[in-house]
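Written out below as structure tokens is the structure these notes cover.
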Amino acid sequence: PPPALVAAQHDAVANTFTLTWSANAGLKYRVQFKNDLADATWQNLAGDVTSTGTLATKVDTLPLGTPQRFYRVMLVE
């Protein structure tokens with residue numbers, strides 16, 4: 001099945017956003033983002049995630065002054 005969002009958490013002190021999604025062990029996932037849904041292309045967050053279990057997590061450190069960000073998770077292999 002495709003990855004499904006399980007949790008999303010913003011840490012205002014560290015200025016990070018943590019995404020957790022359903023996964024299959026041994027598969028590789030890529031998180032992409034847009035700062036505005038009108039942007040033409042999705043950008044990759046550095047470093048794909050290889051799941052070791054049924055959940056996978058990626059932490060994004062937000063650039064200062066980023067008021068919003070949209071994410072999607074893709075199965076790479």
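Residues are named by chain letter and number: chains run A, B, ... in the order of the structure tokens, numbers start at 1 in each chain, and ligands are numbered from 1 in the order shown.
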Problem - Secondary structure check, strand (DSSP E) residues of chain A, as a PyMOL selection string - result: chain A and resi 5-11+16-22+28-34+43-44+49-50+55-61+70-75
With the cut-off set at 10 Å and counting only C-alpha atoms, tabulate each residue of segment 17-56 of chain A with an atom at most that distance from an atom of segment 61-75 of chain A, showing the nearest atom pair and its distance in Å to one decimal, ordered by chain and increasing number, as JSON lines.
```
{"residue": "A:Phe17", "atom": "CA", "partner": "A:Thr61", "partner_atom": "CA", "distance": 6.5}
{"residue": "A:Thr18", "atom": "CA", "partner": "A:Thr61", "partner_atom": "CA", "distance": 8.8}
{"residue": "A:Leu19", "atom": "CA", "partner": "A:Tyr71", "partner_atom": "CA", "distance": 8.8}
{"residue": "A:Thr20", "atom": "CA", "partner": "A:Val73", "partner_atom": "CA", "distance": 9.8}
{"residue": "A:Trp21", "atom": "CA", "partner": "A:Val73", "partner_atom": "CA", "distance": 8.2}
{"residue": "A:Ala23", "atom": "CA", "partner": "A:Leu75", "partner_atom": "CA", "distance": 9.0}
{"residue": "A:Asn24", "atom": "CA", "partner": "A:Leu75", "partner_atom": "CA", "distance": 9.9}
{"residue": "A:Leu27", "atom": "CA", "partner": "A:Leu75", "partner_atom": "CA", "distance": 7.5}
{"residue": "A:Lys28", "atom": "CA", "partner": "A:Leu75", "partner_atom": "CA", "distance": 6.2}
{"residue": "A:Tyr29", "atom": "CA", "partner": "A:Leu75", "partner_atom": "CA", "distance": 4.6}
{"residue": "A:Arg30", "atom": "CA", "partner": "A:Met74", "partner_atom": "CA", "distance": 5.1}
{"residue": "A:Val31", "atom": "CA", "partner": "A:Val73", "partner_atom": "CA", "distance": 4.5}
{"residue": "A:Gln32", "atom": "CA", "partner": "A:Arg72", "partner_atom": "CA", "distance": 5.4}
{"residue": "A:Phe33", "atom": "CA", "partner": "A:Tyr71", "partner_atom": "CA", "distance": 4.4}
{"residue": "A:Lys34", "atom": "CA", "partner": "A:Phe70", "partner_atom": "CA", "distance": 5.2}
{"residue": "A:Asn35", "atom": "CA", "partner": "A:Arg69", "partner_atom": "CA", "distance": 4.4}
{"residue": "A:Asp36", "atom": "CA", "partner": "A:Arg69", "partner_atom": "CA", "distance": 6.8}
{"residue": "A:Leu37", "atom": "CA", "partner": "A:Phe70", "partner_atom": "CA", "distance": 7.2}
{"residue": "A:Trp42", "atom": "CA", "partner": "A:Tyr71", "partner_atom": "CA", "distance": 8.7}
{"residue": "A:Gln43", "atom": "CA", "partner": "A:Tyr71", "partner_atom": "CA", "distance": 9.4}
{"residue": "A:Asn44", "atom": "CA", "partner": "A:Arg72", "partner_atom": "CA", "distance": 9.7}
{"residue": "A:Leu45", "atom": "CA", "partner": "A:Tyr71", "partner_atom": "CA", "distance": 9.6}
{"residue": "A:Asp48", "atom": "CA", "partner": "A:Leu75", "partner_atom": "CA", "distance": 9.8}
{"residue": "A:Val49", "atom": "CA", "partner": "A:Leu75", "partner_atom": "CA", "distance": 9.6}
{"residue": "A:Thr50", "atom": "CA", "partner": "A:Leu75", "partner_atom": "CA", "distance": 9.9}
```
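The space between atom CA of Ala38 of chain A and atom CA of Asp11 of chain A spans 25.5 Å.
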